[in-house]
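Below is the file structure-v7.cif, which contains mmCIF, C-alpha atoms; chains and numbers go by the auth columns.
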```
data_structure
#
loop_
_atom_site.group_PDB
_atom_site.id
_atom_site.type_symbol
_atom_site.label_atom_id
_atom_site.label_comp_id
_atom_site.label_asym_id
_atom_site.label_seq_id
_atom_site.Cartn_x
_atom_site.Cartn_y
_atom_site.Cartn_z
_atom_site.B_iso_or_equiv
_atom_site.auth_seq_id
_atom_site.auth_asym_id
ATOM 1 C CA MET A 1 131.195 51.758 -194.928 0.00 828 X
ATOM 2 C CA VAL A 2 130.015 48.148 -195.287 0.00 829 X
ATOM 3 C CA SER A 3 133.505 46.951 -194.436 0.00 830 X
ATOM 4 C CA LEU A 4 133.596 49.033 -191.240 0.00 831 X
ATOM 5 C CA VAL A 5 130.168 47.747 -190.136 0.00 832 X
ATOM 6 C CA TYR A 6 131.265 44.166 -190.875 0.00 833 X
ATOM 7 C CA HIS A 7 134.460 44.551 -188.853 0.00 834 X
ATOM 8 C CA LEU A 8 132.620 46.155 -185.927 0.00 835 X
ATOM 9 C CA THR A 9 130.045 43.350 -185.960 0.00 836 X
ATOM 10 C CA MET A 10 132.750 40.689 -186.090 0.00 837 X
ATOM 11 C CA ALA A 11 134.681 42.410 -183.300 0.00 838 X
ATOM 12 C CA THR A 12 131.706 42.161 -180.961 0.00 839 X
ATOM 13 C CA THR A 13 130.720 38.653 -182.071 0.00 840 X
ATOM 14 C CA TRP A 14 134.209 37.151 -182.233 0.00 841 X
ATOM 15 C CA HIS A 15 135.806 38.686 -179.151 0.00 842 X
ATOM 16 C CA LEU A 16 138.943 37.169 -177.642 0.00 843 X
ATOM 17 C CA GLY A 17 137.053 34.979 -175.190 0.00 844 X
ATOM 18 C CA ARG A 18 135.003 33.421 -177.958 0.00 845 X
ATOM 19 C CA LEU A 19 138.089 32.892 -180.116 0.00 846 X
ATOM 20 C CA LEU A 20 139.892 31.217 -177.207 0.00 847 X
ATOM 21 C CA GLY A 21 136.870 29.003 -176.557 0.00 848 X
ATOM 22 C CA GLU A 22 136.579 28.014 -180.216 0.00 849 X
ATOM 23 C CA ALA A 23 140.311 27.309 -180.400 0.00 850 X
ATOM 24 C CA MET A 24 140.152 25.131 -177.291 0.00 851 X
ATOM 25 C CA ARG A 25 137.102 23.255 -178.587 0.00 852 X
ATOM 26 C CA ARG A 26 138.833 22.617 -181.924 0.00 853 X
ATOM 27 C CA PHE A 27 142.070 21.578 -180.219 0.00 854 X
ATOM 28 C CA ASP A 28 140.285 19.162 -177.846 0.00 855 X
ATOM 29 C CA GLU A 29 138.274 17.647 -180.716 0.00 856 X
ATOM 30 C CA ARG A 30 141.487 17.038 -182.652 0.00 857 X
ATOM 31 C CA VAL A 31 143.163 15.473 -179.607 0.00 858 X
ATOM 32 C CA LEU A 32 140.206 13.111 -179.113 0.00 859 X
ATOM 33 C CA SER A 33 140.194 12.220 -182.799 0.00 860 X
ATOM 34 C CA LEU A 34 143.896 11.365 -182.683 0.00 861 X
ATOM 35 C CA MET A 35 143.385 9.286 -179.533 0.00 862 X
ATOM 36 C CA ALA A 36 140.522 7.407 -181.171 0.00 863 X
ATOM 37 C CA HIS A 37 142.910 6.218 -183.872 0.00 864 X
ATOM 38 C CA ASP A 38 145.980 5.619 -181.691 0.00 865 X
ATOM 39 C CA VAL A 39 146.701 1.868 -181.647 0.00 866 X
ATOM 40 C CA GLU A 40 148.630 2.268 -178.393 0.00 867 X
ATOM 41 C CA VAL A 41 145.632 3.675 -176.476 0.00 868 X
ATOM 42 C CA PRO A 42 143.758 0.862 -174.697 0.00 869 X
ATOM 43 C CA LEU A 43 141.111 -0.383 -177.135 0.00 870 X
ATOM 44 C CA ALA A 44 138.067 0.148 -174.915 0.00 871 X
ATOM 45 C CA LEU A 45 139.096 3.762 -174.266 0.00 872 X
ATOM 46 C CA SER A 46 139.951 4.535 -177.898 0.00 873 X
ATOM 47 C CA ASN A 47 136.534 3.107 -178.860 0.00 874 X
ATOM 48 C CA LEU A 48 134.869 5.509 -176.420 0.00 875 X
ATOM 49 C CA ALA A 49 136.749 8.385 -178.059 0.00 876 X
ATOM 50 C CA ALA A 50 135.873 7.115 -181.549 0.00 877 X
ATOM 51 C CA ARG A 51 132.169 6.961 -180.641 0.00 878 X
ATOM 52 C CA GLN A 52 132.419 10.483 -179.181 0.00 879 X
ATOM 53 C CA GLN A 53 131.499 9.221 -175.713 0.00 880 X
ATOM 54 C CA VAL A 54 134.449 11.127 -174.267 0.00 881 X
ATOM 55 C CA SER A 55 133.929 14.870 -174.118 0.00 882 X
ATOM 56 C CA ALA A 56 136.060 17.878 -173.389 0.00 883 X
ATOM 57 C CA ALA A 57 134.890 17.575 -169.784 0.00 884 X
ATOM 58 C CA HIS A 58 136.554 14.162 -169.541 0.00 885 X
ATOM 59 C CA ILE A 59 139.712 15.698 -170.922 0.00 886 X
ATOM 60 C CA HIS A 60 139.782 17.834 -167.752 0.00 887 X
ATOM 61 C CA ILE A 61 140.660 14.737 -165.765 0.00 888 X
ATOM 62 C CA THR A 62 143.365 13.746 -168.230 0.00 889 X
ATOM 63 C CA ARG A 63 144.712 17.288 -168.360 0.00 890 X
ATOM 64 C CA HIS A 64 144.718 17.872 -164.591 0.00 891 X
ATOM 65 C CA LEU A 65 145.421 14.481 -162.988 0.00 892 X
ATOM 66 C CA ASP A 66 149.122 13.765 -162.688 0.00 893 X
ATOM 67 C CA GLU A 67 150.636 10.293 -162.624 0.00 894 X
ATOM 68 C CA HIS A 68 150.847 10.281 -158.824 0.00 895 X
ATOM 69 C CA GLY A 69 147.151 11.038 -158.357 0.00 896 X
ATOM 70 C CA ALA A 70 145.296 13.847 -156.644 0.00 897 X
ATOM 71 C CA ARG A 71 142.440 14.398 -154.263 0.00 898 X
ATOM 72 C CA LEU A 72 139.078 15.153 -155.805 0.00 899 X
ATOM 73 C CA THR A 73 139.098 18.690 -154.393 0.00 900 X
ATOM 74 C CA GLU A 74 142.525 19.336 -155.980 0.00 901 X
ATOM 75 C CA LEU A 75 141.325 18.000 -159.326 0.00 902 X
ATOM 76 C CA ALA A 76 138.195 20.139 -159.239 0.00 903 X
ATOM 77 C CA GLU A 77 140.197 23.242 -158.344 0.00 904 X
ATOM 78 C CA ARG A 78 142.751 22.670 -161.125 0.00 905 X
ATOM 79 C CA ALA A 79 139.966 22.182 -163.669 0.00 906 X
ATOM 80 C CA GLY A 80 137.888 25.115 -162.427 0.00 907 X
ATOM 81 C CA MET A 81 134.920 22.847 -161.656 0.00 908 X
ATOM 82 C CA THR A 82 132.820 22.155 -158.608 0.00 909 X
ATOM 83 C CA LYS A 83 133.731 19.166 -156.485 0.00 910 X
ATOM 84 C CA GLN A 84 130.350 17.619 -157.309 0.00 911 X
ATOM 85 C CA ALA A 85 130.804 17.977 -161.081 0.00 912 X
ATOM 86 C CA MET A 86 134.310 16.560 -160.892 0.00 913 X
ATOM 87 C CA GLY A 87 133.009 13.711 -158.725 0.00 914 X
ATOM 88 C CA LYS A 88 130.547 12.738 -161.470 0.00 915 X
ATOM 89 C CA LEU A 89 133.320 12.775 -164.079 0.00 916 X
ATOM 90 C CA VAL A 90 135.564 10.676 -161.842 0.00 917 X
ATOM 91 C CA ASP A 91 132.725 8.179 -161.300 0.00 918 X
ATOM 92 C CA GLN A 92 132.222 7.850 -165.051 0.00 919 X
ATOM 93 C CA CYS A 93 135.951 7.517 -165.713 0.00 920 X
ATOM 94 C CA ALA A 94 136.187 4.903 -162.946 0.00 921 X
ATOM 95 C CA ALA A 95 133.377 2.936 -164.610 0.00 922 X
ATOM 96 C CA TRP A 96 135.408 3.003 -167.842 0.00 923 X
ATOM 97 C CA GLY A 97 138.498 1.719 -166.014 0.00 924 X
ATOM 98 C CA LEU A 98 140.416 4.954 -166.540 0.00 925 X
ATOM 99 C CA VAL A 99 140.855 5.890 -162.860 0.00 926 X
ATOM 100 C CA VAL A 100 140.356 4.453 -159.381 0.00 927 X
ATOM 101 C CA ARG A 101 139.706 6.045 -156.021 0.00 928 X
ATOM 102 C CA GLU A 102 142.066 4.873 -153.293 0.00 929 X
ATOM 103 C CA GLY A 103 142.666 5.734 -149.674 0.00 930 X
ATOM 104 C CA ASP A 104 144.918 8.746 -149.177 0.00 931 X
ATOM 105 C CA ALA A 105 148.118 7.999 -147.256 0.00 932 X
ATOM 106 C CA ARG A 106 148.163 11.559 -145.836 0.00 933 X
ATOM 107 C CA ASP A 107 144.582 11.538 -144.537 0.00 934 X
ATOM 108 C CA ALA A 108 142.562 8.408 -143.741 0.00 935 X
ATOM 109 C CA ARG A 109 139.303 10.309 -144.395 0.00 936 X
ATOM 110 C CA ALA A 110 140.337 11.448 -147.879 0.00 937 X
ATOM 111 C CA ARG A 111 140.437 9.548 -151.175 0.00 938 X
ATOM 112 C CA THR A 112 142.969 9.938 -153.957 0.00 939 X
ATOM 113 C CA VAL A 113 142.084 9.604 -157.638 0.00 940 X
ATOM 114 C CA ARG A 114 144.725 7.702 -159.606 0.00 941 X
ATOM 115 C CA PHE A 115 145.064 6.430 -163.149 0.00 942 X
ATOM 116 C CA THR A 116 144.696 2.677 -163.629 0.00 943 X
ATOM 117 C CA PRO A 117 147.244 0.903 -165.860 0.00 944 X
ATOM 118 C CA ALA A 118 144.793 1.401 -168.750 0.00 945 X
ATOM 119 C CA GLY A 119 144.439 5.025 -167.663 0.00 946 X
ATOM 120 C CA LEU A 120 148.210 5.470 -167.858 0.00 947 X
ATOM 121 C CA GLY A 121 147.998 4.155 -171.436 0.00 948 X
ATOM 122 C CA TRP A 122 145.281 6.730 -172.076 0.00 949 X
ATOM 123 C CA LEU A 123 147.482 9.450 -170.547 0.00 950 X
ATOM 124 C CA ALA A 124 150.396 8.462 -172.806 0.00 951 X
ATOM 125 C CA GLY A 125 148.051 8.597 -175.805 0.00 952 X
ATOM 126 C CA PHE A 126 146.792 11.992 -174.665 0.00 953 X
ATOM 127 C CA ARG A 127 150.351 13.316 -174.521 0.00 954 X
ATOM 128 C CA ARG A 128 151.105 12.010 -178.033 0.00 955 X
ATOM 129 C CA ALA A 129 147.863 13.500 -179.363 0.00 956 X
ATOM 130 C CA VAL A 130 148.561 16.886 -177.751 0.00 957 X
ATOM 131 C CA ALA A 131 152.047 16.942 -179.277 0.00 958 X
ATOM 132 C CA GLN A 132 150.575 16.106 -182.708 0.00 959 X
ATOM 133 C CA ALA A 133 147.806 18.709 -182.392 0.00 960 X
ATOM 134 C CA GLU A 134 150.367 21.334 -181.353 0.00 961 X
ATOM 135 C CA ALA A 135 152.535 20.424 -184.363 0.00 962 X
ATOM 136 C CA GLU A 136 149.494 20.761 -186.634 0.00 963 X
ATOM 137 C CA PHE A 137 148.687 24.150 -185.102 0.00 964 X
ATOM 138 C CA THR A 138 152.261 25.294 -185.716 0.00 965 X
ATOM 139 C CA GLU A 139 152.107 24.082 -189.306 0.00 966 X
ATOM 140 C CA ALA A 140 148.770 25.845 -189.866 0.00 967 X
ATOM 141 C CA VAL A 141 149.783 29.254 -188.498 0.00 968 X
ATOM 142 C CA GLY A 142 153.560 29.148 -188.869 0.00 969 X
ATOM 143 C CA ALA A 143 156.272 28.761 -186.257 0.00 970 X
ATOM 144 C CA GLU A 144 156.555 32.478 -185.489 0.00 971 X
ATOM 145 C CA VAL A 145 152.828 32.958 -184.890 0.00 972 X
ATOM 146 C CA ALA A 146 152.658 29.741 -182.835 0.00 973 X
ATOM 147 C CA THR A 147 155.495 31.005 -180.637 0.00 974 X
ATOM 148 C CA VAL A 148 153.826 34.399 -180.160 0.00 975 X
ATOM 149 C CA VAL A 149 150.503 32.724 -179.298 0.00 976 X
ATOM 150 C CA ARG A 150 152.199 30.463 -176.737 0.00 977 X
ATOM 151 C CA ILE A 151 154.118 33.346 -175.161 0.00 978 X
ATOM 152 C CA GLY A 152 150.985 35.487 -175.061 0.00 979 X
ATOM 153 C CA LEU A 153 148.880 32.752 -173.487 0.00 980 X
ATOM 154 C CA GLU A 154 151.588 31.942 -170.943 0.00 981 X
ATOM 155 C CA ALA A 155 151.809 35.619 -169.990 0.00 982 X
ATOM 156 C CA TYR A 156 148.025 35.924 -169.779 0.00 983 X
ATOM 157 C CA THR A 157 147.513 32.819 -167.656 0.00 984 X
ATOM 158 C CA GLY A 158 150.662 33.293 -165.566 0.00 985 X
#
```
Could you write out this structure as structure tokens?
Amino acid sequence: MVSLVYHLTMATTWHLGRLLGEAMRRFDERVLSLMAHDVEVPLALSNLAARQQVSAAHIHITRHLDEHGARLTELAERAGMTKQAMGKLVDQCAAWGLVVREGDARDARARTVRFTPAGLGWLAGFRRAVAQAEAEFTEAVGAEVATVVRIGLEAYTG
């Protein structure tokens, strides 16, 4: 009976949404930790990561801004954030030298957010860290489980 009560309690406390959130938090923390120790990431940016000044919210820019840039509204939409919240993140990342806002060639009224050269170094470090964190996940749960998780998440988000 105790076992059944425990499992029912855990099922309501640790539902899928919470597990996904915890997994994402853990994954992002590992990515930031790897970036903090990556000698190829620009020093000022790796120091920010090492001092935990960069949060998961800042990772949204890294995760959703491609090398060619994007408008602020596109970035906000991709990240599931308001334009105002994304604007604050972009301002902070611009102050760090990670991104710049430039005129948009398609619309003189619009601005495009682009990575700076240091930001491109950050992006390369992010990609290396993600690959390492994914490899660690695969090692922790096994290749078969990792494949099933990826397929399941792709199907769910697709």
Quiz item: By how many Å are atom CA of Thr900 of chain X and atom CA of Ala912 of chain X apart?
Solution: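 Atom CA of Ala912 of chain X lies at a distance of 10.7 Å from atom CA of Thr900 of chain X.
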Self-check item: Best match for closeness to Ser873 of chain X among X:Phe953, X:Leu846, X:Ala962, X:Asp934, counting all atoms listed in the file
Solution: X:Phe953
Self-check item: Residues within 8 Å of (143.7, 4.8, -168.0), counting only C-alpha atoms, listed as a PyMOL selection string
Solution: chain X and resi 869+872+924-926+942-950
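Closest to Glu929 of chain X among X:Arg955, X:Arg898, X:Arg853, X:His864 is X:Arg898, based on only C-alpha atoms.
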Quiz item: What gap, in Å, lies between atom CA of Met908 of chain X and atom CA of Ala935 of chain X?
Solution: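 Answer for the atom CA of Met908 of chain X to atom CA of Ala935 of chain X separation: 24.2 Å.
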Quiz item: In Å, with one decimal, what is the gap from atom CA of Arg905 of chain X to atom CA of His891 of chain X?
Solution: 6.2 Å
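Shortest atom-to-atom contact with Leu870 of chain X among X:Ala960, X:Arg977, X:Trp923, X:Arg928: X:Trp923, counting only C-alpha atoms.
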Quiz item: Which polymer residues, protein or nucleic acid, are no farther than 8 Å from (135.2, 20.1, -174.3), counting only C-alpha atoms, as number ranges by chain?
Solution: X: 851-852, 855-856, 882-886
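Among the candidates X:Leu859, X:Ala906, X:Ile888, X:Leu847, the residue lying nearest to Asn874 of chain X is X:Leu859 (atoms considered: all atoms listed in the file).
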Exercise. Could you check which of X:Asp893, X:Glu961, X:Glu971, X:Glu901 is closest to Arg857 of chain X, using all atoms listed in the file?
Key: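 Smallest separation from Arg857 of chain X among the options: X:Glu961.
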Write out N, CA, C and O atoms for segment 894-920 of chain X, as a JSON list (two decimals), in the frame of the given file.
```json
[["chain", "number", "residue", "atom", "x", "y", "z"],
["X", 894, "GLU", "N", 150.41, 11.73, -162.75],
["X", 894, "GLU", "CA", 150.64, 10.29, -162.62],
["X", 894, "GLU", "C", 150.60, 9.80, -161.18],
["X", 894, "GLU", "O", 150.36, 8.62, -160.94],
["X", 895, "HIS", "N", 150.82, 10.67, -160.23],
["X", 895, "HIS", "CA", 150.85, 10.28, -158.82],
["X", 895, "HIS", "C", 149.48, 10.39, -158.16],
["X", 895, "HIS", "O", 149.31, 10.03, -157.01],
["X", 896, "GLY", "N", 148.50, 10.91, -158.89],
["X", 896, "GLY", "CA", 147.15, 11.04, -158.36],
["X", 896, "GLY", "C", 146.92, 12.37, -157.68],
["X", 896, "GLY", "O", 147.84, 13.17, -157.49],
["X", 897, "ALA", "N", 145.69, 12.61, -157.32],
["X", 897, "ALA", "CA", 145.30, 13.85, -156.64],
["X", 897, "ALA", "C", 143.97, 13.62, -155.94],
["X", 897, "ALA", "O", 143.19, 12.75, -156.31],
["X", 898, "ARG", "N", 143.75, 14.42, -154.93],
["X", 898, "ARG", "CA", 142.44, 14.40, -154.26],
["X", 898, "ARG", "C", 141.41, 15.04, -155.18],
["X", 898, "ARG", "O", 141.73, 15.89, -156.01],
["X", 899, "LEU", "N", 140.17, 14.64, -154.99],
["X", 899, "LEU", "CA", 139.08, 15.15, -155.80],
["X", 899, "LEU", "C", 138.99, 16.68, -155.72],
["X", 899, "LEU", "O", 138.81, 17.35, -156.74],
["X", 900, "THR", "N", 139.17, 17.23, -154.54],
["X", 900, "THR", "CA", 139.10, 18.69, -154.39],
["X", 900, "THR", "C", 140.22, 19.37, -155.18],
["X", 900, "THR", "O", 139.99, 20.42, -155.78],
["X", 901, "GLU", "N", 141.41, 18.77, -155.20],
["X", 901, "GLU", "CA", 142.52, 19.34, -155.98],
["X", 901, "GLU", "C", 142.21, 19.28, -157.47],
["X", 901, "GLU", "O", 142.45, 20.25, -158.20],
["X", 902, "LEU", "N", 141.68, 18.15, -157.91],
["X", 902, "LEU", "CA", 141.32, 18.00, -159.33],
["X", 902, "LEU", "C", 140.29, 19.04, -159.74],
["X", 902, "LEU", "O", 140.42, 19.67, -160.78],
["X", 903, "ALA", "N", 139.26, 19.19, -158.93],
["X", 903, "ALA", "CA", 138.20, 20.14, -159.24],
["X", 903, "ALA", "C", 138.75, 21.56, -159.31],
["X", 903, "ALA", "O", 138.42, 22.32, -160.22],
["X", 904, "GLU", "N", 139.61, 21.90, -158.36],
["X", 904, "GLU", "CA", 140.20, 23.24, -158.34],
["X", 904, "GLU", "C", 141.05, 23.49, -159.58],
["X", 904, "GLU", "O", 140.95, 24.53, -160.22],
["X", 905, "ARG", "N", 141.89, 22.53, -159.94],
["X", 905, "ARG", "CA", 142.75, 22.67, -161.12],
["X", 905, "ARG", "C", 141.94, 22.85, -162.40],
["X", 905, "ARG", "O", 142.34, 23.58, -163.30],
["X", 906, "ALA", "N", 140.80, 22.14, -162.47],
["X", 906, "ALA", "CA", 139.97, 22.18, -163.67],
["X", 906, "ALA", "C", 138.97, 23.33, -163.66],
["X", 906, "ALA", "O", 138.28, 23.55, -164.65],
["X", 907, "GLY", "N", 138.85, 24.03, -162.52],
["X", 907, "GLY", "CA", 137.89, 25.12, -162.43],
["X", 907, "GLY", "C", 136.45, 24.61, -162.39],
["X", 907, "GLY", "O", 135.55, 25.23, -162.95],
["X", 908, "MET", "N", 136.24, 23.47, -161.74],
["X", 908, "MET", "CA", 134.92, 22.85, -161.66],
["X", 908, "MET", "C", 134.52, 22.71, -160.19],
["X", 908, "MET", "O", 135.37, 22.78, -159.31],
["X", 909, "THR", "N", 133.25, 22.45, -159.97],
["X", 909, "THR", "CA", 132.82, 22.16, -158.61],
["X", 909, "THR", "C", 133.26, 20.74, -158.25],
["X", 909, "THR", "O", 133.49, 19.90, -159.13],
["X", 910, "LYS", "N", 133.36, 20.50, -156.96],
["X", 910, "LYS", "CA", 133.73, 19.17, -156.49],
["X", 910, "LYS", "C", 132.68, 18.14, -156.94],
["X", 910, "LYS", "O", 133.03, 17.01, -157.33],
["X", 911, "GLN", "N", 131.42, 18.53, -156.92],
["X", 911, "GLN", "CA", 130.35, 17.62, -157.31],
["X", 911, "GLN", "C", 130.45, 17.25, -158.79],
["X", 911, "GLN", "O", 130.28, 16.09, -159.16],
["X", 912, "ALA", "N", 130.68, 18.24, -159.64],
["X", 912, "ALA", "CA", 130.80, 17.98, -161.08],
["X", 912, "ALA", "C", 132.01, 17.10, -161.36],
["X", 912, "ALA", "O", 131.93, 16.15, -162.17],
["X", 913, "MET", "N", 133.12, 17.38, -160.70],
["X", 913, "MET", "CA", 134.31, 16.56, -160.89],
["X", 913, "MET", "C", 134.06, 15.15, -160.36],
["X", 913, "MET", "O", 134.50, 14.17, -160.97],
["X", 914, "GLY", "N", 133.33, 15.03, -159.27],
["X", 914, "GLY", "CA", 133.01, 13.71, -158.72],
["X", 914, "GLY", "C", 132.24, 12.85, -159.73],
["X", 914, "GLY", "O", 132.51, 11.65, -159.86],
["X", 915, "LYS", "N", 131.31, 13.47, -160.45],
["X", 915, "LYS", "CA", 130.55, 12.74, -161.47],
["X", 915, "LYS", "C", 131.46, 12.28, -162.61],
["X", 915, "LYS", "O", 131.33, 11.17, -163.10],
["X", 916, "LEU", "N", 132.37, 13.16, -163.03],
["X", 916, "LEU", "CA", 133.32, 12.78, -164.08],
["X", 916, "LEU", "C", 134.22, 11.64, -163.62],
["X", 916, "LEU", "O", 134.49, 10.70, -164.37],
["X", 917, "VAL", "N", 134.70, 11.72, -162.39],
["X", 917, "VAL", "CA", 135.56, 10.68, -161.84],
["X", 917, "VAL", "C", 134.79, 9.35, -161.78],
["X", 917, "VAL", "O", 135.32, 8.30, -162.15],
["X", 918, "ASP", "N", 133.54, 9.39, -161.35],
["X", 918, "ASP", "CA", 132.72, 8.18, -161.30],
["X", 918, "ASP", "C", 132.60, 7.55, -162.69],
["X", 918, "ASP", "O", 132.73, 6.32, -162.84],
["X", 919, "GLN", "N", 132.35, 8.37, -163.69],
["X", 919, "GLN", "CA", 132.22, 7.85, -165.05],
["X", 919, "GLN", "C", 133.55, 7.28, -165.54],
["X", 919, "GLN", "O", 133.59, 6.20, -166.13],
["X", 920, "CYS", "N", 134.63, 8.00, -165.29],
["X", 920, "CYS", "CA", 135.95, 7.52, -165.71],
["X", 920, "CYS", "C", 136.35, 6.25, -164.96],
["X", 920, "CYS", "O", 137.02, 5.38, -165.52]]
```
